[in-house]
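Colleague: data28.cif (mmCIF, C-alpha atoms and all ligand atoms) pasted underneath:
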data_model
loop_
_atom_site.group_PDB
_atom_site.id
_atom_site.type_symbol
_atom_site.label_atom_id
_atom_site.label_comp_id
_atom_site.auth_asym_id
_atom_site.auth_seq_id
_atom_site.Cartn_x
_atom_site.Cartn_y
_atom_site.Cartn_z
ATOM 1 C CA MET X 6 -59.446 -11.431 -38.295
ATOM 2 C CA LEU X 7 -56.244 -11.984 -36.349
ATOM 3 C CA ALA X 8 -54.405 -12.669 -39.592
ATOM 4 C CA VAL X 9 -55.673 -9.408 -41.113
ATOM 5 C CA ASN X 10 -54.527 -7.399 -38.093
ATOM 6 C CA LYS X 11 -51.153 -9.051 -38.149
ATOM 7 C CA PHE X 12 -50.827 -8.264 -41.835
ATOM 8 C CA ALA X 13 -51.792 -4.634 -41.251
ATOM 9 C CA ILE X 14 -49.246 -4.248 -38.454
ATOM 10 C CA THR X 15 -46.507 -5.901 -40.522
ATOM 11 C CA SER X 16 -47.274 -3.525 -43.412
ATOM 12 C CA VAL X 17 -46.999 -0.433 -41.237
ATOM 13 C CA VAL X 18 -43.717 -1.638 -39.735
ATOM 14 C CA ALA X 19 -42.392 -2.474 -43.205
ATOM 15 C CA LEU X 20 -43.389 0.965 -44.477
ATOM 16 C CA LEU X 21 -41.590 2.687 -41.600
ATOM 17 C CA VAL X 22 -38.478 0.597 -42.209
ATOM 18 C CA LEU X 23 -38.608 1.261 -45.961
ATOM 19 C CA THR X 24 -38.911 5.022 -45.569
ATOM 20 C CA GLY X 25 -36.274 5.126 -42.838
ATOM 21 C CA ALA X 26 -38.789 6.915 -40.659
ATOM 22 C CA ALA X 27 -38.748 6.958 -36.875
ATOM 23 C CA ALA X 28 -40.189 9.088 -34.124
ATOM 24 C CA ASN X 29 -37.812 11.715 -32.722
ATOM 25 C CA GLU X 30 -37.853 13.015 -29.140
ATOM 26 C CA ASN X 31 -40.835 15.242 -29.952
ATOM 27 C CA GLY X 32 -42.792 12.248 -31.187
ATOM 28 C CA THR X 33 -42.932 13.531 -34.772
ATOM 29 C CA LEU X 34 -41.850 11.419 -37.714
ATOM 30 C CA THR X 35 -38.516 12.308 -39.280
ATOM 31 C CA SER X 36 -36.486 10.598 -41.951
ATOM 32 C CA ILE X 37 -32.732 10.331 -42.308
ATOM 33 C CA GLU X 38 -33.403 10.503 -46.047
ATOM 34 C CA GLU X 39 -34.328 14.141 -45.451
ATOM 35 C CA ASP X 40 -30.895 14.962 -43.979
ATOM 36 C CA THR X 41 -29.767 18.192 -45.579
ATOM 37 C CA PRO X 42 -27.620 21.025 -44.216
ATOM 38 C CA ARG X 43 -29.599 23.541 -42.179
ATOM 39 C CA TYR X 44 -28.137 26.828 -40.953
ATOM 40 C CA ASP X 45 -29.231 29.525 -38.554
ATOM 41 C CA ALA X 46 -29.206 33.225 -39.406
ATOM 42 C CA ALA X 47 -25.562 33.522 -38.316
ATOM 43 C CA GLY X 48 -24.512 30.749 -40.756
ATOM 44 C CA ASP X 49 -23.900 28.146 -38.024
ATOM 45 C CA LEU X 50 -24.797 24.581 -39.026
ATOM 46 C CA GLN X 51 -27.354 22.561 -37.087
ATOM 47 C CA VAL X 52 -25.516 19.333 -36.334
ATOM 48 C CA PRO X 53 -27.621 16.482 -37.779
ATOM 49 C CA GLY X 54 -28.970 14.644 -34.733
ATOM 50 C CA ARG X 55 -29.041 11.238 -36.386
ATOM 51 C CA PHE X 56 -25.584 11.090 -37.998
ATOM 52 C CA ARG X 57 -24.903 7.826 -36.146
ATOM 53 C CA GLU X 58 -27.490 6.205 -38.426
ATOM 54 C CA TRP X 59 -25.600 7.412 -41.514
ATOM 55 C CA VAL X 60 -23.319 5.173 -43.598
ATOM 56 C CA PHE X 61 -20.033 4.344 -41.874
ATOM 57 C CA LEU X 62 -17.063 4.776 -44.245
ATOM 58 C CA SER X 63 -13.932 4.105 -42.231
ATOM 59 C CA SER X 64 -11.970 4.425 -38.992
ATOM 60 C CA GLY X 65 -8.475 5.869 -39.275
ATOM 61 C CA VAL X 66 -6.271 5.131 -36.244
ATOM 62 C CA ASP X 67 -3.490 7.533 -35.265
ATOM 63 C CA MET X 68 -3.285 8.996 -38.755
ATOM 64 C CA ASP X 69 -0.303 11.289 -38.898
ATOM 65 C CA TYR X 70 -1.548 14.301 -40.821
ATOM 66 C CA LYS X 71 -2.617 16.761 -38.224
ATOM 67 C CA PRO X 72 -1.597 17.416 -34.674
ATOM 68 C CA ILE X 73 -4.467 16.524 -32.388
ATOM 69 C CA ALA X 74 -4.956 17.684 -28.832
ATOM 70 C CA VAL X 75 -4.433 14.387 -27.024
ATOM 71 C CA ALA X 76 -1.751 13.351 -24.598
ATOM 72 C CA ALA X 77 1.192 11.563 -26.245
ATOM 73 C CA GLY X 78 0.905 7.794 -26.064
ATOM 74 C CA HIS X 79 -2.884 7.800 -26.314
ATOM 75 C CA SER X 80 -4.340 6.588 -29.571
ATOM 76 C CA THR X 81 -7.214 8.221 -31.415
ATOM 77 C CA PHE X 82 -9.752 6.753 -33.804
ATOM 78 C CA GLU X 83 -11.333 8.914 -36.502
ATOM 79 C CA ASN X 84 -14.724 7.597 -37.587
ATOM 80 C CA VAL X 85 -16.170 8.897 -40.826
ATOM 81 C CA PHE X 86 -19.908 8.873 -41.656
ATOM 82 C CA VAL X 87 -21.812 10.220 -44.676
ATOM 83 C CA ASN X 88 -25.543 10.824 -45.152
ATOM 84 C CA PRO X 89 -27.165 7.784 -46.854
ATOM 85 C CA GLY X 90 -28.700 9.556 -49.854
ATOM 86 C CA SER X 91 -25.301 10.943 -50.883
ATOM 87 C CA TYR X 92 -23.653 7.539 -50.365
ATOM 88 C CA ARG X 93 -26.106 5.935 -52.777
ATOM 89 C CA SER X 94 -25.564 8.743 -55.250
ATOM 90 C CA PHE X 95 -21.775 8.191 -55.037
ATOM 91 C CA LEU X 96 -22.207 4.495 -55.897
ATOM 92 C CA GLN X 97 -23.938 5.574 -59.129
ATOM 93 C CA SER X 98 -21.728 8.501 -60.137
ATOM 94 C CA GLY X 99 -18.400 8.235 -58.267
ATOM 95 C CA THR X 100 -18.808 11.736 -56.874
ATOM 96 C CA TRP X 101 -20.856 13.700 -54.324
ATOM 97 C CA PRO X 102 -24.134 15.526 -54.975
ATOM 98 C CA ASP X 103 -24.835 18.985 -53.581
ATOM 99 C CA LYS X 104 -25.926 18.882 -49.883
ATOM 100 C CA THR X 105 -23.604 15.979 -49.003
ATOM 101 C CA MET X 106 -22.614 15.953 -45.320
ATOM 102 C CA PHE X 107 -19.745 14.097 -43.642
ATOM 103 C CA MET X 108 -19.203 13.673 -39.932
ATOM 104 C CA LEU X 109 -15.706 12.990 -38.605
ATOM 105 C CA GLU X 110 -15.815 11.831 -34.993
ATOM 106 C CA MET X 111 -12.601 11.510 -33.000
ATOM 107 C CA ARG X 112 -12.639 9.000 -30.176
ATOM 108 C CA ALA X 113 -10.006 8.111 -27.595
ATOM 109 C CA ALA X 114 -8.795 4.518 -27.762
ATOM 110 C CA ALA X 115 -8.922 2.117 -24.820
ATOM 111 C CA ARG X 116 -6.571 -0.762 -23.980
ATOM 112 C CA ALA X 117 -7.213 -3.892 -21.961
ATOM 113 C CA THR X 118 -10.835 -3.288 -21.088
ATOM 114 C CA SER X 119 -13.275 -6.125 -20.351
ATOM 115 C CA ILE X 120 -11.891 -9.372 -21.785
ATOM 116 C CA ASN X 121 -9.519 -7.579 -24.179
ATOM 117 C CA LYS X 122 -5.827 -8.216 -23.502
ATOM 118 C CA ASN X 123 -4.276 -6.879 -26.683
ATOM 119 C CA GLY X 124 -4.875 -4.209 -29.330
ATOM 120 C CA GLN X 125 -7.213 -1.282 -28.866
ATOM 121 C CA THR X 126 -10.925 -0.519 -28.944
ATOM 122 C CA GLN X 127 -12.916 2.711 -29.005
ATOM 123 C CA SER X 128 -13.804 4.289 -25.699
ATOM 124 C CA GLU X 129 -16.821 6.400 -24.755
ATOM 125 C CA GLN X 130 -14.665 9.546 -24.774
ATOM 126 C CA VAL X 131 -15.348 11.744 -27.806
ATOM 127 C CA LEU X 132 -12.428 14.123 -28.432
ATOM 128 C CA GLY X 133 -14.072 16.191 -31.129
ATOM 129 C CA ARG X 134 -16.406 16.281 -34.103
ATOM 130 C CA GLU X 135 -16.055 18.055 -37.428
ATOM 131 C CA LEU X 136 -18.290 18.269 -40.474
ATOM 132 C CA HIS X 137 -17.498 18.628 -44.171
ATOM 133 C CA VAL X 138 -20.465 19.880 -46.196
ATOM 134 C CA LYS X 139 -20.978 20.281 -49.936
ATOM 135 C CA ASP X 140 -23.294 23.186 -50.535
ATOM 136 C CA ALA X 141 -23.374 25.553 -53.512
ATOM 137 C CA ARG X 142 -24.169 28.421 -51.133
ATOM 138 C CA LEU X 143 -20.782 28.009 -49.384
ATOM 139 C CA ASP X 144 -17.623 29.761 -50.568
ATOM 140 C CA GLY X 145 -15.850 27.269 -52.909
ATOM 141 C CA GLY X 146 -18.813 24.850 -52.809
ATOM 142 C CA TRP X 147 -17.595 23.014 -49.681
ATOM 143 C CA GLY X 148 -17.258 24.069 -46.056
ATOM 144 C CA PHE X 149 -15.808 22.713 -42.811
ATOM 145 C CA PHE X 150 -17.579 23.108 -39.480
ATOM 146 C CA ALA X 151 -16.246 22.474 -35.984
ATOM 147 C CA VAL X 152 -18.823 21.113 -33.548
ATOM 148 C CA VAL X 153 -18.769 23.124 -30.340
ATOM 149 C CA ASP X 154 -20.182 22.187 -26.915
ATOM 150 C CA SER X 155 -23.613 23.620 -27.593
ATOM 151 C CA GLY X 156 -23.958 21.109 -30.457
ATOM 152 C CA ILE X 157 -23.799 23.548 -33.341
ATOM 153 C CA GLY X 158 -21.269 23.539 -36.182
ATOM 154 C CA LYS X 159 -19.199 26.732 -36.333
ATOM 155 C CA PRO X 160 -17.993 27.520 -39.865
ATOM 156 C CA ILE X 161 -14.222 27.310 -40.381
ATOM 157 C CA LYS X 162 -13.517 30.251 -42.649
ATOM 158 C CA ARG X 163 -11.097 30.249 -45.554
ATOM 159 C CA PRO X 164 -8.122 30.405 -45.613
ATOM 160 C CA ALA X 165 -7.511 27.469 -43.242
ATOM 161 C CA GLU X 166 -5.241 24.421 -43.333
ATOM 162 C CA CYS X 167 -8.322 22.173 -43.597
ATOM 163 C CA TYR X 168 -9.073 23.497 -47.088
ATOM 164 C CA VAL X 169 -5.433 23.501 -48.155
ATOM 165 C CA CYS X 170 -4.807 19.818 -47.327
ATOM 166 C CA HIS X 171 -8.167 18.519 -48.561
ATOM 167 C CA GLU X 172 -7.874 20.415 -51.866
ATOM 168 C CA ALA X 173 -4.244 19.353 -52.375
ATOM 169 C CA HIS X 174 -4.496 15.640 -51.503
ATOM 170 C CA ALA X 175 -8.057 14.268 -51.343
ATOM 171 C CA ALA X 176 -8.966 11.665 -53.968
ATOM 172 C CA VAL X 177 -12.470 12.824 -54.933
ATOM 173 C CA ASP X 178 -13.958 16.310 -54.816
ATOM 174 C CA THR X 179 -11.876 17.347 -51.734
ATOM 175 C CA THR X 180 -12.900 14.222 -49.742
ATOM 176 C CA PHE X 181 -10.431 11.516 -48.693
ATOM 177 C CA VAL X 182 -11.977 8.659 -50.664
ATOM 178 C CA GLN X 183 -8.515 7.000 -50.883
ATOM 179 C CA PHE X 184 -9.102 6.011 -47.225
ATOM 180 C CA TYR X 185 -12.717 4.813 -47.668
ATOM 181 C CA PRO X 186 -12.283 1.243 -48.915
ATOM 182 C CA THR X 187 -15.808 0.701 -50.244
ATOM 183 C CA LEU X 188 -15.679 3.915 -52.297
ATOM 184 C CA LEU X 189 -12.186 3.965 -53.799
ATOM 185 C CA PRO X 190 -12.976 1.162 -56.313
ATOM 186 C CA VAL X 191 -16.112 3.065 -57.385
ATOM 187 C CA ALA X 192 -14.120 6.261 -58.031
ATOM 188 C CA LYS X 193 -11.518 4.279 -59.984
ATOM 189 C CA ALA X 194 -14.219 2.629 -62.105
ATOM 190 C CA LYS X 195 -16.034 5.918 -62.763
ATOM 191 C CA GLY X 196 -12.813 7.850 -63.463
ATOM 192 C CA THR X 197 -13.563 10.539 -60.868
ATOM 193 C CA LEU X 198 -10.190 10.598 -59.057
ATOM 194 C CA SER X 199 -8.865 14.146 -58.691
ATOM 195 C CA PRO X 200 -5.811 15.322 -60.671
ATOM 196 C CA ALA X 201 -4.197 16.255 -57.312
ATOM 197 C CA TYR X 202 -4.544 12.693 -55.999
ATOM 198 C CA LEU X 203 -3.308 11.139 -59.252
ATOM 199 C CA ARG X 204 -0.232 13.410 -59.097
ATOM 200 C CA ASP X 205 0.421 12.308 -55.471
ATOM 201 C CA GLU X 206 0.135 8.652 -56.477
ATOM 202 C CA LYS X 207 2.637 9.151 -59.313
ATOM 203 C CA VAL X 208 5.149 10.693 -56.914
ATOM 204 C CA THR X 209 4.829 7.835 -54.416
ATOM 205 C CA GLY X 210 4.764 5.278 -57.251
ATOM 206 C CA ALA X 211 1.492 3.773 -55.995
ATOM 207 C CA ALA X 212 -0.680 4.621 -59.028
ATOM 208 C CA GLN X 213 -2.664 1.706 -60.437
HETATM 209 C C1 LIG D 1 -2.750 17.445 -43.641
HETATM 210 C C2 LIG D 1 -4.020 17.026 -44.194
HETATM 211 C C3 LIG D 1 -5.349 17.343 -43.507
HETATM 212 C C4 LIG D 1 -5.698 18.486 -42.840
HETATM 213 C C5 LIG D 1 -4.863 19.735 -42.554
HETATM 214 C C6 LIG D 1 -7.081 18.314 -42.452
HETATM 215 N N1 LIG D 1 -7.564 17.096 -42.862
HETATM 216 FE FE1 LIG D 1 -9.480 16.422 -42.685
HETATM 217 N N2 LIG D 1 -8.934 14.649 -43.477
HETATM 218 C C7 LIG D 1 -7.648 14.304 -43.828
HETATM 219 C C8 LIG D 1 -7.594 12.866 -44.084
HETATM 220 C C9 LIG D 1 -6.345 12.075 -44.471
HETATM 221 C C10 LIG D 1 -8.903 12.377 -43.887
HETATM 222 C C11 LIG D 1 -9.367 10.928 -43.957
HETATM 223 C C12 LIG D 1 -9.614 10.493 -42.496
HETATM 224 C C13 LIG D 1 -9.691 9.026 -42.226
HETATM 225 O O1 LIG D 1 -9.552 8.209 -43.123
HETATM 226 O O2 LIG D 1 -9.887 8.681 -41.041
HETATM 227 C C14 LIG D 1 -9.720 13.533 -43.537
HETATM 228 C C15 LIG D 1 -11.083 13.488 -43.367
HETATM 229 C C16 LIG D 1 -11.841 14.528 -42.933
HETATM 230 C C17 LIG D 1 -13.290 14.513 -42.821
HETATM 231 C C18 LIG D 1 -14.190 13.408 -43.338
HETATM 232 C C19 LIG D 1 -14.743 13.771 -44.728
HETATM 233 C C20 LIG D 1 -13.730 13.929 -45.859
HETATM 234 O O3 LIG D 1 -13.613 15.076 -46.342
HETATM 235 O O4 LIG D 1 -13.065 12.961 -46.278
HETATM 236 C C21 LIG D 1 -13.640 15.691 -42.226
HETATM 237 C C22 LIG D 1 -15.043 16.139 -41.850
HETATM 238 C C23 LIG D 1 -12.428 16.446 -41.999
HETATM 239 N N3 LIG D 1 -11.358 15.728 -42.462
HETATM 240 C C24 LIG D 1 -12.381 17.685 -41.398
HETATM 241 C C25 LIG D 1 -11.221 18.447 -41.284
HETATM 242 C C26 LIG D 1 -11.167 19.764 -40.650
HETATM 243 C C27 LIG D 1 -12.345 20.477 -40.023
HETATM 244 C C28 LIG D 1 -9.880 20.200 -40.750
HETATM 245 C C29 LIG D 1 -9.288 21.501 -40.244
HETATM 246 C C30 LIG D 1 -9.482 21.827 -38.848
HETATM 247 C C31 LIG D 1 -9.142 19.159 -41.447
HETATM 248 N N4 LIG D 1 -9.968 18.124 -41.751
HETATM 249 C C32 LIG D 1 -7.809 19.273 -41.760
HETATM 250 C C33 LIG D 1 -6.581 15.156 -43.966
HETATM 251 C C34 LIG D 1 -6.523 16.461 -43.494
#
How would this structure read if it were set down as structure tokens?

Modeller:
Amino acid sequence: MLAVNKFAITSVVALLVLTGAAANENGTLTSIEEDTPRYDAAGDLQVPGRFREWVFLSSGVDMDYKPIAVAAGHSTFENVFVNPGSYRSFLQSGTWPDKTMFMLEMRAAARATSINKNGQTQSEQVLGRELHVKDARLDGGWGFFAVVDSGIGKPIKRPAECYVCHEAHAAVDTTFVQFYPTLLPVAKAKGTLSPAYLRDEKVTGAAQ
């Protein structure tokens, strides 16, 4: 009898793990597999509450491509996450399906905390969050959103420098796959690198 119960409990736990399901604050079951962009009537994006459980792609440190509102001398990490279903799709195809969502989280760096004497780690201070969303209903098929204090994503309308730089330099489908080390080899193998990126690589002589 005990063995049967144990088996039943293990099965339920395994099922929950397999489906990625978990109870949210309201006690209802949700799944990160269901992550898809949701908007309100004004076109603002609901920031996905569980992005921290998405797939981590990379942390850029002090990348020098846009001025960021931090005091000089303080380093910033940029952490990039993507929703898991789209990540798996990328591994198969080398590009992003409709409804892909990226979160870019900027965090202040910390020096010499705890036992650390050298180098830098990420602090609790979040400096900003931005989303990049692929959605056929958005102008140009992709949109940027700036996360404001209330926790919603405000659309960044075209024209804006975000679109200009991403369209001119990003390696795959306006996303910076050249800086996501687990994905760049996939894009190379699938032949999905953008003409803009290949041109850049030719100019810098780094093409492979
Ligand atoms: C001059 C070029 C440039 C500009 C302008 C720029 N970005 Fe980016 N963006 C990048 C690079 C490079 C990365 C890769 C970051 C990393 O590796 O940490 C990136 C990554 C991102 C990502 C992660 C998903 C992806 O597309 O790769 C988001 C979200 C993002 N940027 C939002 C924005 C927003 C919002 C703006 C405008 C306010 C903006 N960016 C302006 C260069 C740019």

Colleague: So that each row is one residue of chain X with an atom at most 8 Å from ligand LIG 1 (chain D), can you give its shortest atom pair and the distance in Å to one decimal, using all atoms listed in the file, rows by chain and rising number, as a tab-separated table?

Modeller:
residue	atom	partner	partner_atom	distance
X:Ser63	CA	D:LIG1	O1	6.1
X:Ser64	CA	D:LIG1	O2	5.2
X:Gly65	CA	D:LIG1	O2	3.6
X:Val66	CA	D:LIG1	O2	7.0
X:Met68	CA	D:LIG1	O2	7.0
X:Tyr70	CA	D:LIG1	C1	4.4
X:Lys71	CA	D:LIG1	C1	5.5
X:Phe82	CA	D:LIG1	O2	7.5
X:Glu83	CA	D:LIG1	O2	4.8
X:Asn84	CA	D:LIG1	O2	6.0
X:Val85	CA	D:LIG1	C18	5.5
X:Phe86	CA	D:LIG1	C18	7.5
X:Val87	CA	D:LIG1	C19	7.9
X:Phe107	CA	D:LIG1	C19	5.1
X:Met108	CA	D:LIG1	C22	5.2
X:Leu109	CA	D:LIG1	C22	4.6
X:Arg134	CA	D:LIG1	C22	7.9
X:Glu135	CA	D:LIG1	C22	4.9
X:Leu136	CA	D:LIG1	C22	4.1
X:His137	CA	D:LIG1	C22	4.2
X:Val138	CA	D:LIG1	C22	7.9
X:Phe149	CA	D:LIG1	C27	5.0
X:Phe150	CA	D:LIG1	C27	5.9
X:Ala151	CA	D:LIG1	C27	6.0
X:Ile161	CA	D:LIG1	C27	7.1
X:Ala165	CA	D:LIG1	C29	6.9
X:Glu166	CA	D:LIG1	C5	4.8
X:Cys167	CA	D:LIG1	C32	3.5
X:Tyr168	CA	D:LIG1	C32	6.9
X:Val169	CA	D:LIG1	C5	6.8
X:Cys170	CA	D:LIG1	C2	4.3
X:His171	CA	D:LIG1	C34	5.7
X:His174	CA	D:LIG1	C2	7.5
X:Ala175	CA	D:LIG1	O4	7.2
X:Thr179	CA	D:LIG1	O3	6.1
X:Thr180	CA	D:LIG1	O3	3.6
X:Phe181	CA	D:LIG1	O4	3.9
X:Val182	CA	D:LIG1	O4	6.2
X:Gln183	CA	D:LIG1	O1	7.9
X:Phe184	CA	D:LIG1	O1	4.7
X:Tyr185	CA	D:LIG1	O1	6.5

Colleague: Starting from the PyMOL selection byres (((chain X and resi 103) around 7) and not hetatm), expand the selection into actual residues of this file and give them as a ChimeraX atom specification.

Modeller: /X:101-102,104-105,139-141

Colleague: Dump C-alpha atoms for the selected residues as an mmCIF file, keeping the file's coordinate frame?

Modeller:
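Written output follows (selection.cif):
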data_model
loop_
_atom_site.group_PDB
_atom_site.id
_atom_site.type_symbol
_atom_site.label_atom_id
_atom_site.label_comp_id
_atom_site.auth_asym_id
_atom_site.auth_seq_id
_atom_site.Cartn_x
_atom_site.Cartn_y
_atom_site.Cartn_z
ATOM 1 C CA TRP X 101 -20.856 13.700 -54.324
ATOM 2 C CA PRO X 102 -24.134 15.526 -54.975
ATOM 3 C CA LYS X 104 -25.926 18.882 -49.883
ATOM 4 C CA THR X 105 -23.604 15.979 -49.003
ATOM 5 C CA LYS X 139 -20.978 20.281 -49.936
ATOM 6 C CA ASP X 140 -23.294 23.186 -50.535
ATOM 7 C CA ALA X 141 -23.374 25.553 -53.512
#

Colleague: Do you have the CA of Pro160 in chain X-CA of Gly90 in chain X distance handy?

Modeller: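 Going from CA of Pro160 in chain X over to CA of Gly90 in chain X covers 23.2 Å.
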
Colleague: Excluding Ala192 in chain X and any residue of its chain fewer than 5 positions from it, enumerate the residues within 10 Å of it, using all atoms listed in the file, and give them as an mmCIF file with C-alpha atoms, in the frame of the given file.

Modeller:
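Saved the output as selection-v5.cif:
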data_model
loop_
_atom_site.group_PDB
_atom_site.id
_atom_site.type_symbol
_atom_site.label_atom_id
_atom_site.label_comp_id
_atom_site.auth_asym_id
_atom_site.auth_seq_id
_atom_site.Cartn_x
_atom_site.Cartn_y
_atom_site.Cartn_z
ATOM 1 C CA PHE X 95 -21.775 8.191 -55.037
ATOM 2 C CA LEU X 96 -22.207 4.495 -55.897
ATOM 3 C CA GLN X 97 -23.938 5.574 -59.129
ATOM 4 C CA SER X 98 -21.728 8.501 -60.137
ATOM 5 C CA GLY X 99 -18.400 8.235 -58.267
ATOM 6 C CA THR X 100 -18.808 11.736 -56.874
ATOM 7 C CA ALA X 176 -8.966 11.665 -53.968
ATOM 8 C CA VAL X 177 -12.470 12.824 -54.933
ATOM 9 C CA VAL X 182 -11.977 8.659 -50.664
ATOM 10 C CA GLN X 183 -8.515 7.000 -50.883
ATOM 11 C CA THR X 187 -15.808 0.701 -50.244
ATOM 12 C CA THR X 197 -13.563 10.539 -60.868
ATOM 13 C CA LEU X 198 -10.190 10.598 -59.057
ATOM 14 C CA SER X 199 -8.865 14.146 -58.691
#

Colleague: Apply the PyMOL selection byres (((chain X and resi 127) around 9) and not hetatm) to the displayed file and report the matching residues as a ChimeraX atom specification.

Modeller: /X:81-82,112-116,125-126,128-130

Colleague: Using the selection just defined, write its residues with C-alpha atoms as a CSV table (one decimal), in the coordinates of the input.

Modeller:
chain,number,residue,atom,x,y,z
X,81,THR,CA,-7.2,8.2,-31.4
X,82,PHE,CA,-9.8,6.8,-33.8
X,112,ARG,CA,-12.6,9.0,-30.2
X,113,ALA,CA,-10.0,8.1,-27.6
X,114,ALA,CA,-8.8,4.5,-27.8
X,115,ALA,CA,-8.9,2.1,-24.8
X,116,ARG,CA,-6.6,-0.8,-24.0
X,125,GLN,CA,-7.2,-1.3,-28.9
X,126,THR,CA,-10.9,-0.5,-28.9
X,128,SER,CA,-13.8,4.3,-25.7
X,129,GLU,CA,-16.8,6.4,-24.8
X,130,GLN,CA,-14.7,9.5,-24.8

Colleague: What does the distance from CA of Ile157 in chain X to CA of His79 in chain X come to in Å, to one decimal?

Modeller: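 Separation between CA of Ile157 in chain X and CA of His79 in chain X: 27.1 Å.
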
Colleague: Residues within 12 Å of (-0.9, 8.0, -56.8), file coordinates, counting only C-alpha atoms: what are they? Give the list as a tab-separated table (two decimals) with C-alpha atoms, in the frame of the given file.

Modeller:
chain	number	residue	atom	x	y	z
X	174	HIS	CA	-4.50	15.64	-51.50
X	175	ALA	CA	-8.06	14.27	-51.34
X	176	ALA	CA	-8.97	11.66	-53.97
X	183	GLN	CA	-8.52	7.00	-50.88
X	193	LYS	CA	-11.52	4.28	-59.98
X	198	LEU	CA	-10.19	10.60	-59.06
X	199	SER	CA	-8.86	14.15	-58.69
X	200	PRO	CA	-5.81	15.32	-60.67
X	201	ALA	CA	-4.20	16.26	-57.31
X	202	TYR	CA	-4.54	12.69	-56.00
X	203	LEU	CA	-3.31	11.14	-59.25
X	204	ARG	CA	-0.23	13.41	-59.10
X	205	ASP	CA	0.42	12.31	-55.47
X	206	GLU	CA	0.14	8.65	-56.48
X	207	LYS	CA	2.64	9.15	-59.31
X	208	VAL	CA	5.15	10.69	-56.91
X	209	THR	CA	4.83	7.84	-54.42
X	210	GLY	CA	4.76	5.28	-57.25
X	211	ALA	CA	1.49	3.77	-56.00
X	212	ALA	CA	-0.68	4.62	-59.03
X	213	GLN	CA	-2.66	1.71	-60.44

Colleague: Just the number, please: distance in Å from CA of Gly158 in chain X to CA of Leu143 in chain X, one decimal.

Modeller: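 Distance between the two atoms: 13.9 Å.
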
Colleague: Mind telling me what the PyMOL selection byres (((chain X and resi 43) around 12) and not hetatm) catches here, as a PDB file with C-alpha atoms, in the coordinates of the input?

Modeller:
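Full text of result.pdb as output:
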ATOM      1  CA  GLU X  39     -34.328  14.141 -45.451  1.00  0.00           C
ATOM      2  CA  ASP X  40     -30.895  14.962 -43.979  1.00  0.00           C
ATOM      3  CA  THR X  41     -29.767  18.192 -45.579  1.00  0.00           C
ATOM      4  CA  PRO X  42     -27.620  21.025 -44.216  1.00  0.00           C
ATOM      5  CA  TYR X  44     -28.137  26.828 -40.953  1.00  0.00           C
ATOM      6  CA  ASP X  45     -29.231  29.525 -38.554  1.00  0.00           C
ATOM      7  CA  ALA X  46     -29.206  33.225 -39.406  1.00  0.00           C
ATOM      8  CA  ALA X  47     -25.562  33.522 -38.316  1.00  0.00           C
ATOM      9  CA  GLY X  48     -24.512  30.749 -40.756  1.00  0.00           C
ATOM     10  CA  ASP X  49     -23.900  28.146 -38.024  1.00  0.00           C
ATOM     11  CA  LEU X  50     -24.797  24.581 -39.026  1.00  0.00           C
ATOM     12  CA  GLN X  51     -27.354  22.561 -37.087  1.00  0.00           C
ATOM     13  CA  VAL X  52     -25.516  19.333 -36.334  1.00  0.00           C
ATOM     14  CA  PRO X  53     -27.621  16.482 -37.779  1.00  0.00           C
ATOM     15  CA  GLY X  54     -28.970  14.644 -34.733  1.00  0.00           C
ATOM     16  CA  LYS X 104     -25.926  18.882 -49.883  1.00  0.00           C
ATOM     17  CA  THR X 105     -23.604  15.979 -49.003  1.00  0.00           C
ATOM     18  CA  MET X 106     -22.614  15.953 -45.320  1.00  0.00           C
ATOM     19  CA  VAL X 138     -20.465  19.880 -46.196  1.00  0.00           C
ATOM     20  CA  ASP X 140     -23.294  23.186 -50.535  1.00  0.00           C
ATOM     21  CA  ARG X 142     -24.169  28.421 -51.133  1.00  0.00           C
ATOM     22  CA  ILE X 157     -23.799  23.548 -33.341  1.00  0.00           C
ATOM     23  CA  GLY X 158     -21.269  23.539 -36.182  1.00  0.00           C
TER      24      GLY X 158
END
